[in-house]
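Engineer: Below you will find the structure I want to go over with you.
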Amino acid sequence: LGVSEASDEPPKFIHLTYTPVGSDAGKLKRVAIVGKGLTFDSGGYNIKAGAGSMIEMMKFDMGGSGATLGAARTVAQTAPPNVQAHFIIAACENMIGSRGLRPGDILTASNGKTIEVNNTDAEGRLTLADAIVYAEKTCEASSIVDVATLTGAIIVGLGPEVAGMFSNNDALAAELEKAALTAGESFWRMPIRDSYWKACGMESEYADMKNTGSRGGGAITAALFLQKYVEKSTTRWAHLDIAGPVWDDKKGGATGFGAATLAKWIE
């Protein structure tokens with residue numbers, strides 16, 4: 001709601017559920033895919049400006065939700081047994097206007113945590129936070145994978161062909177790596193370094209957290225931010241930052257990266 005304040009397009013919260021026909025839902029593994037769905041990202045008042053800002057291609061910022069819906073379609077057609085899969089997207093656009101979110105504003109997330117918005121261009125993590133809370137609390141998912149074109153930092157670090165993977169669970173990371181190998185998609189596991197939360201400036205004087213930290217380790221602090229919204233110690237969580245390989249001008253634009261890996265993991 002905060003991110004979409006300046007948009008004429010109302011935000012949409014999308015939740016699709018796959019349950020195998022004839023199954024006992026109470027006996028199924030419950031998993032959730034959470035996709036970032038920024039249909040356009042101007043950056044807000046921290047507007048994307050100048051060479052390299054990529055504002056002209058920011059329709060790609062719904063690449064995570066595209067992968068989520070692609071996986072949902074594949075799962076619906078292949079009908080894997082023994083798993084209930086939830087596909088969740090908080091869809092909106094980040095625009096500029098008199099009603100828009102301002103740098104310095106404080107938002108309250110759905111779980112009560114407060115966020116000092118020191119950069120309106122770090123909007124995706126704000127929408128993903130509430131969607132992750134929903135996946136854990138409402139869907140009761142034991143495993144949550146979020147997928148997002150979240151940071152430019154991951155493109156700097158891994159380039160255009162490899163996505164970053166962060167996880168709080170080695171077994172889940174191994175499952176995703178195996179699925180990615182089968183799908184022919186490239187991921188590289190990145191560290192979640194807790195000390196970066198303070199060292200890279202994510203603490204706030206006015207709220208529970210800021211939404212961005214220092215330039216160094218930007219992809220890692222983004223993952224640490226999202227991890228704050230996974231509240232149960234037993235919930236397996238992974239974050240896939242697909243900002244690099246989700247778009248390729250030489251191949252005509254959107255690549256569909258991530259959909260095959262997610263569908264294979266659910267299977």
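Every chain in the structure tokens has a letter given in the order shown (A, B, ...), and although residue numbers restart at 1 in each chain, ligands are simply numbered from 1 in the order shown.
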Each residue of stretch 119-148 of chain A with at least one atom at most 6 Å from stretch 20-37 of chain A should appear once, together with its nearest atom pair and the corresponding distance in Å (one decimal); atoms considered: only C-alpha atoms; ordering: chain, then increasing residue number; output as a Markdown table.
Structural biologist:
| residue | atom | partner | partner_atom | distance |
| --- | --- | --- | --- | --- |
| A:Ala141 | CA | A:Arg30 | CA | 4.8 |
| A:Ser142 | CA | A:Arg30 | CA | 5.8 |
| A:Ser143 | CA | A:Val31 | CA | 4.9 |
| A:Ile144 | CA | A:Ala32 | CA | 4.8 |
| A:Val145 | CA | A:Ile33 | CA | 5.0 |
| A:Asp146 | CA | A:Val34 | CA | 4.4 |
| A:Val147 | CA | A:Gly35 | CA | 5.0 |
| A:Ala148 | CA | A:Lys36 | CA | 4.9 |
Engineer: Generate a file of the selected residues that holds C-alpha atoms, formatted as a compact mmCIF listing (two decimals), in the first residue's frame.
Structural biologist:
# COMPACT_ATOMS: atom_id res chain seq x y z
CA ALA A 141 3.98 -22.88 4.48
CA SER A 142 6.88 -24.83 5.93
CA SER A 143 9.14 -23.78 3.03
CA ILE A 144 9.07 -20.33 1.42
CA VAL A 145 11.04 -19.29 -1.65
CA ASP A 146 10.89 -15.66 -2.69
CA VAL A 147 12.02 -14.70 -6.19
CA ALA A 148 12.76 -11.13 -7.21
Engineer: Could you pull out the strand (DSSP E or B) residues of stretch 119-242 of chain A, going by DSSP on the backbone, and write them as a list in words?
Structural biologist: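 DSSP-assigned strand (DSSP E or B) residues in stretch 119-242 of chain A: Ser143, Ile144, Val145, Asp146, Val147, Ala148, Ala163, Gly164, Met165, Phe166, Ser167, Phe187, Trp188, Arg189, Met209, Lys210, Arg236, Trp237, Ala238, His239, Leu240 and Asp241 of chain A.
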Engineer: Each residue of stretch 90-146 of chain A lying at most 12 Å from stretch 199-202 of chain A should get a row with its shortest atom-to-atom pair and the distance in Å to one decimal, counting only C-alpha atoms; could you produce that, ordered by chain and increasing number, as JSON lines?
Structural biologist:
{"residue": "A:Ile115", "atom": "CA", "partner": "A:Met202", "partner_atom": "CA", "distance": 10.1}
{"residue": "A:Glu116", "atom": "CA", "partner": "A:Met202", "partner_atom": "CA", "distance": 9.6}
{"residue": "A:Val117", "atom": "CA", "partner": "A:Met202", "partner_atom": "CA", "distance": 10.8}
{"residue": "A:Asn118", "atom": "CA", "partner": "A:Met202", "partner_atom": "CA", "distance": 10.1}
{"residue": "A:Asn119", "atom": "CA", "partner": "A:Met202", "partner_atom": "CA", "distance": 11.9}
Engineer: For those residues, write C-alpha atoms to a file as a PDB file, in the first residue's frame.
Structural biologist:
ATOM      1  CA  ILE A 115      10.481   0.412   8.582  1.00  0.00           C
ATOM      2  CA  GLU A 116      12.210   3.749   8.007  1.00  0.00           C
ATOM      3  CA  VAL A 117      12.109   4.224   4.239  1.00  0.00           C
ATOM      4  CA  ASN A 118      15.408   5.928   3.520  1.00  0.00           C
ATOM      5  CA  ASN A 119      15.266   5.006  -0.177  1.00  0.00           C
TER       6      ASN A 119
END
Engineer: Please determine, counting only C-alpha atoms, which residue among A:Leu16, A:Met57, A:Leu176, A:Leu38 has the shortest atom-to-atom distance to A:Ala72.
Structural biologist: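 For A:Ala72, the nearest of the given residues is A:Leu16.
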Engineer: Which residues are near A:Thr120? Cut-off 8 Å, only C-alpha atoms, ignore same chain within fewer than 5 positions. Put them as a list in words.
Structural biologist: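 Contacts, with the query itself left out: Val3, Gly43, Gly44, Tyr45, Asn46, Leu101, Arg102 and Pro103 of chain A.
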Engineer: I need the residues from that last selection saved to file as a compact mmCIF listing (two decimals), in the first residue's frame (with N, CA, C and O atoms), if you can.
Structural biologist:
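Output file out_7.txt is given in full below:
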# COMPACT_ATOMS: atom_id res chain seq x y z
N VAL A 3 4.03 1.54 -1.15
CA VAL A 3 4.75 1.64 -2.43
C VAL A 3 3.83 2.18 -3.52
O VAL A 3 4.26 2.95 -4.38
N GLY A 43 11.43 4.28 -9.29
CA GLY A 43 12.29 4.62 -8.18
C GLY A 43 11.60 5.50 -7.15
O GLY A 43 12.11 5.71 -6.06
N GLY A 44 10.42 6.03 -7.51
CA GLY A 44 9.74 6.95 -6.60
C GLY A 44 10.53 8.25 -6.49
O GLY A 44 11.21 8.66 -7.43
N TYR A 45 10.45 8.90 -5.34
CA TYR A 45 11.19 10.17 -5.18
C TYR A 45 12.69 9.99 -5.26
O TYR A 45 13.41 10.94 -5.61
N ASN A 46 13.19 8.81 -4.97
CA ASN A 46 14.59 8.47 -5.28
C ASN A 46 14.62 7.96 -6.72
O ASN A 46 14.97 6.82 -7.00
N LEU A 101 4.98 7.91 -1.54
CA LEU A 101 5.85 7.60 -0.40
C LEU A 101 7.09 8.49 -0.46
O LEU A 101 7.69 8.67 -1.51
N ARG A 102 7.46 9.07 0.69
CA ARG A 102 8.59 9.99 0.75
C ARG A 102 9.77 9.36 1.48
O ARG A 102 9.57 8.61 2.44
N PRO A 103 11.00 9.69 1.08
CA PRO A 103 12.16 9.29 1.89
C PRO A 103 12.02 9.86 3.30
O PRO A 103 11.69 11.04 3.47
Engineer: Go through A:Gly164, A:Pro191, A:Pro10, A:Gly100 and flag the residue nearest A:Asp241, using only C-alpha atoms for the distances.
Structural biologist: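 Result for the nearest residue to A:Asp241: A:Gly164.
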Engineer: Would you mind listing what lies within 9 Å of A:Phe13 as a PDB file with N, CA and C atoms, in the first residue's frame, with only C-alpha atoms counted and same-chain residues fewer than 3 positions away left out?
Structural biologist:
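Result file follows (around24.pdb):
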ATOM      1  N   ILE A  88       2.208 -16.517  -4.511  1.00  0.00           N
ATOM      2  CA  ILE A  88       1.795 -15.270  -3.885  1.00  0.00           C
ATOM      3  C   ILE A  88       2.528 -14.088  -4.519  1.00  0.00           C
ATOM      4  N   ILE A  89       1.771 -13.050  -4.887  1.00  0.00           N
ATOM      5  CA  ILE A  89       2.345 -11.863  -5.516  1.00  0.00           C
ATOM      6  C   ILE A  89       1.659 -10.622  -4.958  1.00  0.00           C
ATOM      7  N   ALA A  90       2.448  -9.693  -4.435  1.00  0.00           N
ATOM      8  CA  ALA A  90       1.937  -8.367  -4.075  1.00  0.00           C
ATOM      9  C   ALA A  90       2.272  -7.452  -5.250  1.00  0.00           C
ATOM     10  N   ALA A  91       1.305  -7.230  -6.138  1.00  0.00           N
ATOM     11  CA  ALA A  91       1.552  -6.532  -7.401  1.00  0.00           C
ATOM     12  C   ALA A  91       1.170  -5.055  -7.295  1.00  0.00           C
ATOM     13  N   CYS A  92       2.071  -4.190  -7.774  1.00  0.00           N
ATOM     14  CA  CYS A  92       1.807  -2.754  -7.779  1.00  0.00           C
ATOM     15  C   CYS A  92       2.867  -2.081  -8.636  1.00  0.00           C
ATOM     16  N   ALA A 131       4.250 -10.097   1.926  1.00  0.00           N
ATOM     17  CA  ALA A 131       3.871 -11.334   1.243  1.00  0.00           C
ATOM     18  C   ALA A 131       4.500 -12.552   1.920  1.00  0.00           C
TER      19      ALA A 131
END
Engineer: Considering only C-alpha atoms, give me a table of residues in stretch 63-143 of chain A that are at most 12 Å from stretch 203-218 of chain A, with the closest atom pair and distance in Å for each, as a Markdown table.
Structural biologist:
| residue | atom | partner | partner_atom | distance |
| --- | --- | --- | --- | --- |
| A:Pro103 | CA | A:Asn211 | CA | 10.4 |
| A:Gly104 | CA | A:Lys210 | CA | 9.5 |
| A:Asp105 | CA | A:Ala207 | CA | 10.1 |
| A:Ile106 | CA | A:Ala207 | CA | 7.2 |
| A:Leu107 | CA | A:Ala207 | CA | 8.8 |
| A:Thr108 | CA | A:Ala207 | CA | 9.1 |
| A:Ala109 | CA | A:Asp208 | CA | 10.5 |
| A:Asn111 | CA | A:Asp208 | CA | 11.9 |
| A:Gly112 | CA | A:Asp208 | CA | 9.6 |
| A:Lys113 | CA | A:Asp208 | CA | 6.2 |
| A:Thr114 | CA | A:Asp208 | CA | 5.1 |
| A:Ile115 | CA | A:Met209 | CA | 5.1 |
| A:Glu116 | CA | A:Lys210 | CA | 4.6 |
| A:Val117 | CA | A:Asn211 | CA | 5.5 |
| A:Asn118 | CA | A:Asn211 | CA | 6.4 |
| A:Asn119 | CA | A:Thr212 | CA | 6.6 |
| A:Thr120 | CA | A:Asn211 | CA | 8.6 |
| A:Asp121 | CA | A:Thr212 | CA | 9.4 |
| A:Ala122 | CA | A:Asn211 | CA | 6.7 |
| A:Glu123 | CA | A:Asn211 | CA | 8.2 |
| A:Gly124 | CA | A:Asn211 | CA | 9.9 |
| A:Arg125 | CA | A:Asn211 | CA | 7.6 |
| A:Leu126 | CA | A:Asn211 | CA | 7.6 |
| A:Thr127 | CA | A:Asn211 | CA | 11.4 |
| A:Leu128 | CA | A:Asn211 | CA | 11.9 |
| A:Ala129 | CA | A:Asn211 | CA | 10.7 |
Engineer: For atom CA of A:Phe166 and atom CA of A:Gly64, quote the distance in Å rounded to one decimal.
Structural biologist: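 If I compute the distance from atom CA of A:Phe166 to atom CA of A:Gly64, I get 15.1 Å.
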Engineer: Which distance in Å separates atom CA of A:Asn94 and atom CA of A:Ile14, to one decimal?
Structural biologist: 17.4 Å
Engineer: For atom CA of A:Ile132 and atom CA of A:Ala243, determine how far apart the two atoms are, in Å to one decimal place.
Structural biologist: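 Between atom CA of A:Ile132 and atom CA of A:Ala243 the gap works out to 19.1 Å.
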Engineer: Please, which residues of stretch 28-156 of chain A, numbered as in this document, come out alpha helix (DSSP H) from DSSP, as a ChimeraX atom specification?
Structural biologist: /A:63-78,124-137,152-156
Engineer: Excluding stretch 251-264 of chain A and residues on its chain fewer than 4 positions from it, collect all residues at most 7 Å away from it, counting only C-alpha atoms, and give them as a ChimeraX atom specification.
Structural biologist: /A:67-68,70-71,74-75,179-180,183,185,245-247
Engineer: Within 10 Å of A:Leu172, counting only C-alpha atoms, which residues qualify if same-chain residues fewer than 3 places away don't, as a list in words?
Structural biologist: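 With the cut-off at 10 Å, the set is Ser143, Ile144, Val145, Ser167, Asn168, Asn169, Glu175, Leu176, Glu177, Lys178, Arg236, Trp237, Ala238 and Trp265 of chain A.
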Engineer: With C-alpha atoms retained, could you export that selection as a PDB file, in the first residue's frame?
Structural biologist:
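The result, stored in out-v6.pdb:
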ATOM      1  CA  SER A 143       9.143 -23.781   3.033  1.00  0.00           C
ATOM      2  CA  ILE A 144       9.071 -20.329   1.420  1.00  0.00           C
ATOM      3  CA  VAL A 145      11.045 -19.288  -1.648  1.00  0.00           C
ATOM      4  CA  SER A 167      18.945 -19.399   2.356  1.00  0.00           C
ATOM      5  CA  ASN A 168      18.654 -20.104   6.071  1.00  0.00           C
ATOM      6  CA  ASN A 169      18.614 -23.851   5.403  1.00  0.00           C
ATOM      7  CA  GLU A 175      17.132 -28.908  -3.238  1.00  0.00           C
ATOM      8  CA  LEU A 176      17.011 -25.670  -5.226  1.00  0.00           C
ATOM      9  CA  GLU A 177      20.492 -26.226  -6.649  1.00  0.00           C
ATOM     10  CA  LYS A 178      19.463 -29.697  -7.807  1.00  0.00           C
ATOM     11  CA  ARG A 236      12.802 -23.011   5.642  1.00  0.00           C
ATOM     12  CA  TRP A 237      13.371 -19.904   3.516  1.00  0.00           C
ATOM     13  CA  ALA A 238      15.299 -18.995   0.413  1.00  0.00           C
ATOM     14  CA  TRP A 265      11.595 -27.832  -6.937  1.00  0.00           C
TER      15      TRP A 265
END
Engineer: Between A:Met165, A:Ala222, A:Ala135, A:Met95, which one has atoms that come closest to A:Thr151, using only C-alpha atoms?
Structural biologist: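 Once distances to A:Thr151 are computed over only C-alpha atoms, the minimum belongs to A:Ala222.
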